[in-house]
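**Q** Take a look at my_file-v1.txt, compact mmCIF, C-alpha atoms:
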# COMPACT_ATOMS: atom_id res chain seq x y z
CA MET D 8 4.55 8.91 -8.27
CA LYS D 9 2.57 11.29 -6.14
CA HIS D 10 4.54 11.11 -2.91
CA ARG D 11 8.35 10.77 -3.03
CA GLY D 12 11.10 11.15 -0.47
CA ARG D 13 12.65 13.90 -2.53
CA HIS D 14 9.59 16.10 -1.84
CA ARG D 15 11.18 16.60 1.59
CA ARG D 16 8.20 16.00 3.85
CA ARG D 17 9.27 16.86 7.36
CA ARG D 18 7.16 14.49 9.40
CA ARG D 19 7.31 14.47 13.16
CA GLY D 20 5.64 12.21 15.68
CA ALA D 21 6.06 9.46 18.18
CA ALA D 22 7.58 6.99 15.75
CA LEU D 23 10.28 9.40 14.61
CA ARG D 24 11.07 10.44 18.18
CA ALA D 25 11.51 6.76 19.00
CA VAL D 26 14.01 6.44 16.18
CA LEU D 27 15.96 9.49 17.33
CA ALA D 28 15.99 8.40 20.94
CA GLY D 29 17.06 4.78 20.41
CA THR D 30 18.35 3.18 23.59
CA ALA D 31 21.52 1.13 24.08
CA LEU D 32 21.04 -2.61 23.75
CA ALA D 33 21.73 -5.01 26.58
CA LEU D 34 23.88 -7.43 24.62
CA THR D 35 25.05 -10.77 25.89
CA ALA D 36 28.64 -11.49 26.81
CA ALA D 37 28.99 -13.39 23.54
CA ALA D 38 28.35 -10.16 21.66
CA THR D 39 30.50 -7.92 23.79
CA LEU D 40 33.72 -9.86 24.14
CA ILE D 41 36.35 -10.96 21.67
CA SER D 42 38.54 -13.85 22.71
CA THR D 43 42.29 -13.56 22.89
CA SER D 44 42.54 -16.06 20.04
CA GLN D 45 40.60 -13.67 17.81
CA ALA D 46 42.41 -10.52 18.80
CA GLY D 47 44.86 -9.55 16.11
CA ILE D 48 45.94 -5.98 15.56
CA ALA D 49 45.82 -5.12 11.86
CA ALA D 50 48.46 -2.93 10.31
CA ASP D 51 47.54 0.73 10.32
CA PRO D 52 46.45 1.52 6.73
CA GLY D 53 47.64 5.11 7.11
CA ALA D 54 46.25 8.14 5.30
CA LEU D 55 44.50 8.01 1.94
CA THR D 56 46.63 8.60 -1.14
CA PRO D 57 44.89 10.69 -3.83
CA LEU D 58 44.80 9.18 -7.32
CA THR D 59 45.10 11.90 -9.95
CA SER D 60 47.05 10.48 -12.90
CA PRO D 61 45.08 9.66 -16.08
CA ALA D 62 46.39 6.10 -15.85
CA ASP D 63 44.69 5.69 -12.46
CA THR D 64 41.50 7.66 -13.03
CA GLY D 65 40.96 6.27 -16.52
CA ARG D 66 40.47 2.79 -15.08
CA LEU D 67 37.45 4.09 -13.14
CA ARG D 68 35.58 5.34 -16.22
CA LEU D 69 32.14 3.81 -16.79
CA GLN D 70 30.00 3.54 -19.90
CA GLU D 71 26.26 3.89 -19.42
CA HIS D 72 23.86 1.43 -21.07
CA LEU D 73 20.16 2.28 -20.81
CA VAL D 74 17.52 -0.39 -21.31
CA PRO D 75 15.32 0.98 -24.14
CA ASP D 76 11.98 2.34 -22.98
CA ARG D 77 10.25 0.18 -25.57
CA SER D 78 11.66 -2.93 -23.90
CA LEU D 79 10.49 -1.87 -20.46
CA ASP D 80 7.09 -0.84 -21.81
CA ARG D 81 6.72 -4.17 -23.63
CA LEU D 82 7.45 -6.01 -20.39
CA ALA D 83 4.97 -3.87 -18.44
CA ALA D 84 2.29 -4.37 -21.09
CA ALA D 85 2.71 -8.13 -20.84
CA MET D 86 2.89 -8.33 -17.03
CA GLY D 87 0.43 -5.58 -16.10
CA SER D 88 0.86 -2.07 -14.76
CA PRO D 89 3.92 -1.63 -12.50
CA VAL D 90 3.32 -1.18 -8.78
CA GLY D 91 5.21 0.92 -6.25
CA VAL D 92 7.07 0.28 -3.03
CA ASP D 93 3.92 0.93 -0.98
CA ALA D 94 2.17 -2.04 -2.61
CA VAL D 95 5.05 -4.33 -1.68
CA LEU D 96 5.15 -3.13 1.92
CA ARG D 97 1.39 -3.52 2.39
CA GLY D 98 1.88 -7.24 1.97
CA ALA D 99 5.01 -7.56 4.15
CA ASP D 100 4.86 -11.15 5.36
CA HIS D 101 8.12 -11.57 7.32
CA ARG D 102 8.98 -10.05 10.71
CA LEU D 103 12.26 -8.70 12.04
CA ARG D 104 12.56 -9.36 15.78
CA GLU D 105 14.16 -6.89 18.19
CA ALA D 106 17.48 -7.89 19.71
CA ASP D 107 16.06 -9.05 23.05
CA ASP D 108 14.09 -11.73 21.17
CA CYS D 109 17.05 -12.89 19.08
CA SER D 110 19.33 -15.83 19.79
CA ALA D 111 22.72 -15.47 21.44
CA ASP D 112 24.36 -16.44 18.13
CA ASP D 113 22.50 -13.65 16.36
CA ARG D 114 23.49 -11.05 18.95
CA ALA D 115 27.09 -12.26 18.94
CA SER D 116 27.40 -11.03 15.35
CA LEU D 117 26.80 -7.38 16.38
CA PRO D 118 29.62 -4.83 16.76
CA VAL D 119 31.49 -4.81 20.05
CA ALA D 120 32.47 -1.15 19.71
CA PRO D 121 30.79 1.08 18.86
CA ALA D 122 27.70 -0.70 20.17
CA ALA D 123 24.47 -0.77 18.16
CA THR D 124 21.58 1.20 19.63
CA ARG D 125 18.98 -0.74 17.65
CA ALA D 126 19.26 -4.22 16.21
CA TYR D 127 16.97 -6.79 14.61
CA CYS D 128 17.30 -10.41 13.54
CA TRP D 129 15.67 -11.80 10.43
CA ASP D 130 13.07 -14.53 10.18
CA PRO D 131 15.02 -17.69 11.14
CA ALA D 132 13.85 -19.39 7.96
CA ASP D 133 15.73 -16.79 5.92
CA THR D 134 19.09 -17.19 7.69
CA ALA D 135 18.95 -20.98 8.05
CA GLY D 136 19.71 -21.73 4.40
CA ASP D 137 22.17 -20.58 1.76
CA TRP D 138 21.11 -16.92 1.53
CA ARG D 139 23.19 -14.24 3.28
CA PRO D 140 22.71 -10.45 3.58
CA ALA D 141 25.52 -8.14 2.51
CA SER D 142 24.18 -4.69 1.59
CA VAL D 143 21.79 -2.07 2.93
CA THR D 144 20.37 1.29 1.90
CA THR D 145 17.47 3.40 3.14
CA SER D 146 14.92 6.04 2.21
CA GLY D 147 16.82 8.35 4.60
CA ASP D 148 18.86 9.96 1.83
CA GLU D 149 16.58 13.02 1.92
CA ASP D 150 13.69 13.35 4.38
CA GLY D 151 13.43 9.67 5.12
CA VAL D 152 10.04 9.01 3.52
CA TRP D 153 9.33 7.22 0.27
CA GLY D 154 5.66 7.42 -0.58
CA THR D 155 4.06 7.05 2.83
CA HIS D 156 6.72 4.89 4.45
CA ARG D 157 10.19 4.89 5.92
CA VAL D 158 11.95 2.09 4.10
CA ILE D 159 15.10 -0.02 4.45
CA LEU D 160 16.33 -2.21 1.59
CA ALA D 161 18.69 -5.12 2.24
CA GLY D 162 20.42 -7.04 -0.52
CA TRP D 163 20.98 -10.77 -0.11
CA THR D 164 22.96 -13.23 -2.22
CA HIS D 165 22.57 -16.99 -2.52
CA SER D 166 25.56 -19.32 -2.36
CA ALA D 167 26.97 -19.94 -5.84
CA THR D 168 27.69 -23.60 -5.07
CA ALA D 169 24.97 -24.84 -2.71
CA GLY D 170 21.23 -25.26 -3.06
CA ARG D 171 19.17 -25.94 -6.15
CA PRO D 172 20.80 -24.85 -9.41
CA GLY D 173 18.10 -22.29 -10.19
CA GLU D 174 18.96 -20.28 -7.07
CA GLN D 175 22.74 -20.49 -7.07
CA GLY D 176 24.36 -17.04 -7.16
CA LEU D 177 21.04 -15.17 -7.32
CA ALA D 178 20.33 -11.84 -5.63
CA ARG D 179 17.17 -10.78 -3.82
CA VAL D 180 16.14 -7.66 -1.91
CA ALA D 181 14.23 -7.39 1.38
CA PHE D 182 11.89 -4.37 1.33
CA VAL D 183 11.55 -3.43 5.01
CA ASN D 184 8.72 -1.30 6.40
CA ALA D 185 10.48 0.77 9.08
CA ASP D 186 7.57 3.02 10.09
CA ASP D 187 7.39 1.52 13.59
CA PRO D 188 10.84 0.84 15.07
CA ALA D 189 9.32 -1.87 17.29
CA ARG D 190 7.61 -3.73 14.44
CA LEU D 191 9.79 -3.99 11.34
CA ALA D 192 8.34 -6.20 8.61
CA TYR D 193 9.62 -7.09 5.16
CA ARG D 194 8.82 -8.73 1.85
CA TRP D 195 11.10 -10.17 -0.82
CA VAL D 196 11.53 -8.75 -4.32
CA LEU D 197 13.67 -10.42 -6.99
CA PRO D 198 15.85 -8.09 -9.10
CA VAL D 199 15.84 -9.19 -12.74
CA VAL D 200 17.36 -8.14 -16.07
CA PRO D 201 15.11 -7.74 -19.15
CA VAL D 202 16.16 -9.84 -22.15
CA ASP D 203 14.91 -10.35 -25.71
CA GLY D 204 13.72 -6.77 -26.01
CA GLY D 205 11.53 -7.00 -22.91
CA ARG D 206 9.82 -10.21 -23.94
CA ASP D 207 11.44 -12.06 -21.04
CA TYR D 208 13.76 -11.54 -18.05
CA ARG D 209 16.45 -13.41 -16.16
CA GLY D 210 17.46 -13.31 -12.51
CA LEU D 211 20.38 -11.14 -11.40
CA ALA D 212 23.05 -13.77 -10.84
CA SER D 213 25.54 -11.68 -8.91
CA GLY D 214 26.69 -10.94 -5.40
CA VAL D 215 24.98 -7.72 -4.30
CA SER D 216 27.73 -6.46 -2.00
CA GLY D 217 26.71 -2.80 -2.27
CA MET D 218 23.50 -0.80 -2.74
CA ALA D 219 22.63 2.90 -2.89
CA TRP D 220 19.22 4.55 -3.22
CA HIS D 221 19.00 7.92 -4.94
CA LYS D 222 15.78 9.60 -6.13
CA ASP D 223 13.70 6.79 -7.65
CA LYS D 224 16.66 4.56 -8.50
CA LEU D 225 18.38 1.69 -6.72
CA LEU D 226 22.00 1.09 -7.78
CA VAL D 227 23.57 -2.27 -6.93
CA THR D 228 27.02 -3.73 -7.45
CA THR D 229 27.75 -6.73 -9.61
CA THR D 230 30.58 -8.97 -8.53
CA SER D 231 30.53 -11.58 -11.27
CA GLY D 232 34.04 -10.65 -12.43
CA GLY D 233 32.85 -9.12 -15.69
CA ALA D 234 32.89 -5.64 -17.18
CA ASP D 235 29.54 -4.76 -15.59
CA ALA D 236 30.04 -2.63 -12.51
CA LEU D 237 26.52 -1.54 -11.54
CA TYR D 238 22.91 -2.31 -12.34
CA VAL D 239 20.21 0.34 -11.93
CA TYR D 240 16.59 -0.34 -10.92
CA ASP D 241 13.59 2.01 -11.03
CA LEU D 242 11.54 1.63 -7.86
CA ASP D 243 8.41 2.71 -9.72
CA ARG D 244 8.69 -0.29 -12.07
CA ILE D 245 8.12 -3.17 -9.65
CA GLN D 246 6.07 -5.87 -11.41
CA ARG D 247 3.81 -8.57 -9.97
CA THR D 248 4.37 -12.15 -11.03
CA THR D 249 1.38 -14.24 -12.12
CA VAL D 250 2.61 -17.84 -11.80
CA ASP D 251 4.17 -19.54 -8.76
CA ALA D 252 6.82 -21.75 -10.36
CA PRO D 253 10.54 -22.55 -9.84
CA ALA D 254 11.50 -20.88 -13.12
CA ILE D 255 12.42 -17.22 -13.51
CA GLY D 256 10.94 -15.41 -16.48
CA ARG D 257 8.15 -16.10 -18.94
CA VAL D 258 6.48 -19.48 -18.37
CA PRO D 259 3.37 -21.17 -19.73
CA GLY D 260 0.45 -19.15 -18.43
CA GLY D 261 2.33 -16.03 -17.41
CA TRP D 262 5.36 -14.81 -15.45
CA SER D 263 7.29 -16.46 -12.63
CA ALA D 264 10.15 -15.56 -10.29
CA GLY D 265 11.09 -18.75 -8.50
CA GLY D 266 8.24 -18.37 -6.01
CA TYR D 267 8.58 -14.62 -5.39
CA ASP D 268 5.56 -12.38 -5.91
CA TYR D 269 7.43 -9.36 -7.25
CA VAL D 270 10.28 -8.65 -9.65
CA LEU D 271 12.24 -5.43 -10.16
CA PRO D 272 13.51 -5.10 -13.77
CA ALA D 273 16.80 -3.31 -14.42
CA VAL D 274 16.54 -0.05 -16.37
CA ALA D 275 20.27 0.58 -16.92
CA SER D 276 23.75 -0.72 -16.27
CA TYR D 277 27.25 0.75 -16.08
CA ARG D 278 30.26 -1.07 -17.46
CA PHE D 279 33.92 -0.27 -17.06
CA ALA D 280 35.18 1.19 -20.32
CA ALA D 281 38.54 -0.56 -19.83
CA GLY D 282 37.01 -4.02 -19.61
CA ARG D 283 36.83 -6.59 -16.86
CA CYS D 284 37.79 -5.64 -13.32
CA SER D 285 41.20 -6.87 -12.19
CA ALA D 286 44.16 -5.99 -9.97
CA SER D 287 45.83 -4.08 -12.80
CA GLY D 288 42.67 -2.77 -14.45
CA PRO D 289 39.33 -1.41 -13.27
CA PRO D 290 38.47 -2.16 -9.63
CA CYS D 291 35.90 -4.82 -8.81
CA PRO D 292 33.30 -2.73 -6.94
CA GLY D 293 32.34 -3.99 -3.51
CA ALA D 294 30.66 -1.56 -1.13
CA LEU D 295 28.53 1.43 -2.25
CA ALA D 296 26.96 4.36 -0.42
CA LEU D 297 25.20 7.62 -1.17
CA ASP D 298 26.89 10.85 -0.08
CA GLY D 299 24.19 13.50 0.11
CA GLY D 300 26.59 16.10 1.49
CA THR D 301 28.31 16.85 -1.82
CA ALA D 302 27.10 19.15 -4.58
CA PRO D 303 25.75 17.38 -6.52
CA ASP D 304 25.01 14.22 -4.53
CA SER D 305 27.52 11.47 -5.24
CA LEU D 306 27.95 7.73 -5.21
CA VAL D 307 30.97 6.42 -3.29
CA ALA D 308 32.49 3.00 -3.85
CA ALA D 309 35.18 0.74 -2.43
CA GLU D 310 37.14 -1.92 -4.25
CA TRP D 311 36.55 -5.57 -3.42
CA THR D 312 39.83 -7.10 -2.20
CA ALA D 313 40.76 -10.15 -0.15
CA PRO D 314 40.87 -9.41 3.62
CA ASP D 315 44.12 -11.32 4.07
CA GLY D 316 45.79 -10.09 0.88
CA ASP D 317 48.32 -7.33 0.35
CA ARG D 318 46.69 -5.54 -2.60
CA ARG D 319 45.73 -1.98 -1.73
CA ALA D 320 42.11 -1.06 -2.39
CA ARG D 321 40.75 1.96 -4.22
CA LEU D 322 38.03 4.33 -2.96
CA TRP D 323 36.31 6.65 -5.40
CA ARG D 324 33.16 8.66 -6.16
CA TYR D 325 30.92 9.50 -9.11
CA ALA D 326 28.59 12.50 -9.31
CA PHE D 327 24.86 12.03 -9.84
CA ASP D 328 23.18 13.79 -12.75
CA THR D 329 21.30 16.99 -11.96
CA ASP D 330 19.11 16.80 -15.08
CA PRO D 331 15.47 16.38 -13.90
CA ALA D 332 14.92 14.04 -16.86
CA ARG D 333 17.59 11.65 -15.47
CA PRO D 334 16.74 11.20 -11.78
CA GLY D 335 19.01 8.79 -9.93
CA LEU D 336 21.40 8.23 -12.83
CA LEU D 337 25.09 9.12 -12.85
CA ALA D 338 26.36 12.24 -14.62
CA THR D 339 27.59 11.41 -18.13
CA ASP D 340 29.27 13.26 -20.96
CA GLY D 341 27.83 13.41 -24.48
CA ALA D 342 29.03 9.89 -25.20
CA GLY D 343 27.45 8.34 -22.08
CA ARG D 344 30.74 8.10 -20.19
CA VAL D 345 31.03 8.54 -16.43
CA ASP D 346 34.29 9.72 -14.87
CA ALA D 347 35.20 9.55 -11.19
CA VAL D 348 35.32 12.97 -9.56
CA GLU D 349 37.53 11.82 -6.68
CA ALA D 350 39.69 8.75 -6.08
CA TYR D 351 42.12 7.41 -3.46
CA ARG D 352 44.25 4.41 -2.64
CA THR D 353 44.05 2.89 0.83
CA ARG D 354 46.15 0.18 2.44
CA ALA D 355 43.02 -1.22 4.09
CA THR D 356 42.02 -4.62 2.71
CA GLY D 357 38.86 -6.68 2.83
CA ILE D 358 36.59 -3.60 2.76
CA ARG D 359 32.91 -4.55 2.97
CA GLY D 360 31.40 -1.20 3.96
CA VAL D 361 32.17 2.36 2.89
CA LEU D 362 30.77 5.75 3.84
CA SER D 363 31.90 9.30 3.06
CA TYR D 364 30.83 12.18 5.29
CA ARG D 365 32.03 15.75 5.69
CA GLU D 366 31.44 17.35 9.07
CA ALA D 367 30.27 20.96 9.16
CA GLY D 368 33.31 23.21 8.83
CA ALA D 369 35.66 20.39 7.78
CA ASP D 370 37.86 21.00 4.75
CA ARG D 371 37.75 17.36 3.63
CA PRO D 372 35.43 14.37 3.95
CA SER D 373 36.16 11.40 6.18
CA TRP D 374 35.95 7.94 4.67
CA TYR D 375 34.66 5.18 6.94
CA VAL D 376 35.54 1.61 5.98
CA GLY D 377 34.31 -1.57 7.60
CA ARG D 378 36.51 -4.56 6.89
CA LEU D 379 36.57 -8.31 7.36
CA PRO D 380 39.24 -9.96 9.53
CA GLY D 381 42.12 -11.58 7.71
CA THR D 382 41.08 -15.03 8.90
CA GLN D 383 37.70 -14.71 7.14
CA ASP D 384 36.08 -15.52 10.48
CA GLY D 385 34.95 -13.51 13.49
CA HIS D 386 34.58 -9.78 13.98
CA GLY D 387 36.01 -7.26 11.56
CA GLY D 388 37.47 -3.79 11.98
CA LEU D 389 36.26 -0.23 11.43
CA TRP D 390 38.47 2.63 10.25
CA ARG D 391 38.03 6.33 9.54
CA GLN D 392 40.49 7.72 7.00
CA ASP D 393 41.27 10.96 5.24
CA THR D 394 44.33 12.30 3.43
CA GLU D 395 46.12 13.08 6.71
CA ARG D 396 45.45 10.26 9.16
CA THR D 397 43.61 7.08 10.16
CA ARG D 398 41.62 6.21 13.27
CA GLU D 399 40.34 2.77 14.22
CA ALA D 400 37.84 1.45 16.74
CA ARG D 401 39.50 -0.66 19.47
CA CYS D 402 38.03 -2.71 22.28
CA GLY D 403 38.88 -5.13 25.08
CA ALA D 404 41.81 -5.32 27.45
CA ASP D 405 44.17 -6.14 24.58
CA ALA D 406 43.00 -3.14 22.53
CA SER D 407 42.00 -5.37 19.63
CA ASP D 408 40.81 -3.69 16.46
CA ARG D 409 38.44 -6.61 15.78
CA CYS D 410 35.47 -4.68 17.15
CA TRP D 411 33.10 -4.27 14.21
CA ALA D 412 30.33 -6.65 13.14
CA ARG D 413 30.89 -10.26 12.21
CA ASP D 414 30.98 -10.69 8.41
CA ALA D 415 30.03 -7.02 8.21
CA GLY D 416 28.12 -5.63 5.25
CA SER D 417 27.72 -2.20 3.71
CA LEU D 418 27.02 1.13 5.47
CA SER D 419 24.19 3.61 4.88
CA TYR D 420 23.74 7.03 6.53
CA TRP D 421 20.20 8.18 7.41
CA ARG D 422 20.62 11.95 7.47
CA GLY D 423 17.34 12.77 9.22
CA THR D 424 18.18 10.70 12.30
CA GLY D 425 21.98 10.85 12.20
CA GLU D 426 22.15 7.04 12.21
CA VAL D 427 24.36 4.65 10.29
CA TRP D 428 22.67 1.42 9.23
CA SER D 429 24.60 -1.76 8.56
CA LEU D 430 24.26 -5.50 8.91
CA SER D 431 26.14 -8.56 10.02
CA ASP D 432 25.68 -12.04 8.64
CA ARG D 433 22.74 -12.44 11.06
CA MET D 434 21.34 -9.02 12.03
CA LEU D 435 20.32 -5.59 10.79
CA PHE D 436 21.43 -2.77 13.11
CA ALA D 437 21.85 0.98 13.52
CA LEU D 438 23.99 3.31 15.62
CA PRO D 439 24.47 7.10 15.71
CA LEU D 440 27.21 8.48 13.49
CA ALA D 441 28.24 10.65 16.46
CA GLY D 442 28.75 7.50 18.54
CA LEU D 443 30.73 5.91 15.77
CA ASP D 444 32.98 8.99 15.64
CA ARG D 445 33.53 8.91 19.41
CA SER D 446 34.76 5.34 19.16
CA LEU D 447 37.26 6.39 16.49
CA ASP D 448 38.76 9.43 18.26
Written as structure tokens, how would this file's structure read?
**A**
Amino acid sequence: MKHRGRHRRRRRGAALRAVLAGTALALTAAATLISTSQAGIAADPGALTPLTSPADTGRLRLQEHLVPDRSLDRLAAAMGSPVGVDAVLRGADHRLREADDCSADDRASLPVAPAATRAYCWDPADTAGDWRPASVTTSGDEDGVWGTHRVILAGWTHSATAGRPGEQGLARVAFVNADDPARLAYRWVLPVVPVDGGRDYRGLASGVSGMAWHKDKLLVTTTSGGADALYVYDLDRIQRTTVDAPAIGRVPGGWSAGGYDYVLPAVASYRFAAGRCSASGPPCPGALALDGGTAPDSLVAAEWTAPDGDRRARLWRYAFDTDPARPGLLATDGAGRVDAVEAYRTRATGIRGVLSYREAGADRPSWYVGRLPGTQDGHGGLWRQDTERTREARCGADASDRCWARDAGSLSYWRGTGEVWSLSDRMLFALPLAGLDRSLD
């Protein structure tokens, strides 16, 4: 690809200044108040506890499985030359509306404190059914540009029990053109998994609760309860479908994806070496994020636990490979194994967003966790933790800690603008990391 974000193009102009200068939103009372019935102070999860014993760290080990190049090449030869992200964005056919044009219900899902400085609601047709967003990542990991665009990716998952059988449990990704902050537009791409040596593919039937974009790769979580922890997608290998049919895969006359125009085939996966995730074994991965402030860059993850349970979650990180021949893949040993380079236990439960960031001059990173409320309904909480202390965002006259977004999703830090992107069950939003920190002091 001729133009990539990692080439560090330092673009300036009116659009970027608009992003940097984002103004506070005038939210409705429904979005800025939490009722007394909702307000419940969660137990302080305390400081992070480092995990250093082989028994603990061994459960985090992954085994890399690469899809053979011949399988990917066979699929490309049958479907036609792969296209890039730019081609998808040129045909963006859905609009995100700015907060002022969104419904009161949409705006009520936004954080109470810290307040979003930019927010957008999806096409109503996309939120009216059984699909829900849960994860977000951006091209802001380096200079913010991928090809010729600033891009946001949002992972959605379909209900596993409702809707037509062919869609149940599927994942899809919204590719958002974020060049103009006042006119965000998006198009759907279906992530798939090659099968039969690249002669066919299947849909990714998994909850995509976490996503991270590094180099030319998109890493997503799998929450199907199996040994698979992550799938990896190459953003230069997007394929066009040729048949509009309900089926996913090879069909008479060509290739279909349940009505979607593009598919993104997996190029690798990572499985836990110790087997299926469980309370006593490897952690079921939930949230993911890229930490571009480590050397090398790293992938941070949070364990998926019940918000009203008492099982303590694990937070950990893997290093990315520095080999130019392996862009966007995790660092492995000679046997393809990936070991965590840092791991902690937290008493926080129900974590749905995670971020690691080290301030200039700090001797340790801070871990930000967004969590669901224990009742599985209403606004969640936001915590900042390290190995010495915890801080939480509080709001309202009763100092409730239920101040974060409703049914909050993952977190993604856009380094060039200093913004954190996240989403609720209804809206995509951003706020400055500095503002987030002020609310946690």
**Q** Fewer than 6 positions away in the same chain doesn't count, so skip those; otherwise give me all residues within 9 Å of segment 129-132 of chain D, counting all atoms listed in the file, as a list in words.
**A** His101, Arg102, Leu103, Arg104, Cys109, Arg433, Met434 and Leu435 of chain D
**Q** For a test of reading the model, state the distance in Å between atom CA of Ala167 of chain D and atom CA of Leu418 of chain D, rounded to one decimal.
**A**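 Atom CA of Leu418 of chain D lies 23.9 Å from atom CA of Ala167 of chain D.
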**Q** Just give me the gap between atom CA of Gly357 of chain D and atom CA of Asp315 of chain D in Å, one decimal is fine.
**A**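 Atom-to-atom, atom CA of Gly357 of chain D to atom CA of Asp315 of chain D, that is 7.1 Å.
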**Q** So, counting only C-alpha atoms, which residue among D:Leu197, D:Leu389, D:Ala332, D:Ala355 is closest to Glu174 of chain D?
**A**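 When distances to Glu174 of chain D are compared using only C-alpha atoms, the smallest one comes from D:Leu197.
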**Q** Of the candidates D:Arg257, D:Arg157, D:Arg352, D:Arg139, which shows the shortest atom-to-atom distance to Ala85 of chain D, using all atoms listed in the file?
**A**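 Ranked by minimum distance to Ala85 of chain D, first place goes to D:Arg257.
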**Q** Go through D:Thr155, D:Thr124, D:Ser60, D:Ser216 and flag the residue nearest Leu443 of chain D, using only C-alpha atoms for the distances.
**A**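 The closest residue to Leu443 of chain D is D:Thr124.
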**Q** Quick one: pull the distance between atom CA of Tyr364 of chain D and atom CA of Pro314 of chain D, Å, one decimal.
**A**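 Result for atom CA of Tyr364 of chain D versus atom CA of Pro314 of chain D: 23.9 Å, one decimal.
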**Q** Which polymer residues have any atom within 10 Å of an atom of Asp241 of chain D, counting all atoms listed in the file, with same-chain residues fewer than 5 positions away left out, as a ChimeraX atom specification?
**A** /D:91,220,222-226,271-275,334-335
**Q** Quick one: everything within 12 Å of Thr168 of chain D, counting all atoms listed in the file, minus sequence neighbours fewer than 4 positions away in the same chain. Send it as a ChimeraX atom specification.
**A** /D:137-138,164,172-177
**Q** Contacts of Asp432 of chain D at 12 Å or less, counting all atoms listed in the file, minus same-chain residues fewer than 2 places along, as a VMD selection string?
**A** chain D and resid 112 to 118 127 to 129 133 to 135 137 to 142 161 to 164 359 379 384 to 387 412 to 417 429 to 430 434 to 436
**Q** Using only C-alpha atoms, can you tell me which of D:Ala189, D:Val180, D:Leu67, D:Cys291 comes closest to Leu211 of chain D?
**A**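 The closest residue to Leu211 of chain D is D:Val180.
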**Q** Taking into account only C-alpha atoms, which residue in the set D:Ser419, D:Ser305, D:Ser407, D:Thr229 is nearest to Tyr375 of chain D?
**A** D:Ser419
**Q** Return the single residue from D:Met218, D:Ala254, D:Ala120, D:Val90 that is closest to Leu237 of chain D, with distances computed using all atoms listed in the file.
**A**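 Ranking D:Met218, D:Ala254, D:Ala120, D:Val90 by distance to Leu237 of chain D, first place goes to D:Met218.
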**Q** Residues within 12 Å of Pro52 of chain D, please, as a PyMOL selection string. Count only C-alpha atoms; anything in the same chain fewer than 6 positions from it doesn't count.
**A** chain D and resi 317-320+352-358+376+378+388-399
**Q** Do you have, as CSV, the list of residues of segment 129-180 of chain D lying at most 12 Å from segment 185-188 of chain D, each with its nearest atom pair and that distance in Å to one decimal, counting only C-alpha atoms and ordered by chain then number?
**A**
residue,atom,partner,partner_atom,distance
D:Thr145,CA,D:Ala185,CA,9.5
D:Ser146,CA,D:Ala185,CA,9.7
D:Gly147,CA,D:Ala185,CA,10.8
D:Gly151,CA,D:Asp186,CA,10.2
D:Val152,CA,D:Asp186,CA,9.2
D:Trp153,CA,D:Asp186,CA,10.8
D:Gly154,CA,D:Asp186,CA,11.7
D:Thr155,CA,D:Asp186,CA,9.0
D:His156,CA,D:Asp186,CA,6.0
D:Arg157,CA,D:Ala185,CA,5.2
D:Val158,CA,D:Ala185,CA,5.4
D:Ile159,CA,D:Ala185,CA,6.6
D:Leu160,CA,D:Ala185,CA,10.0
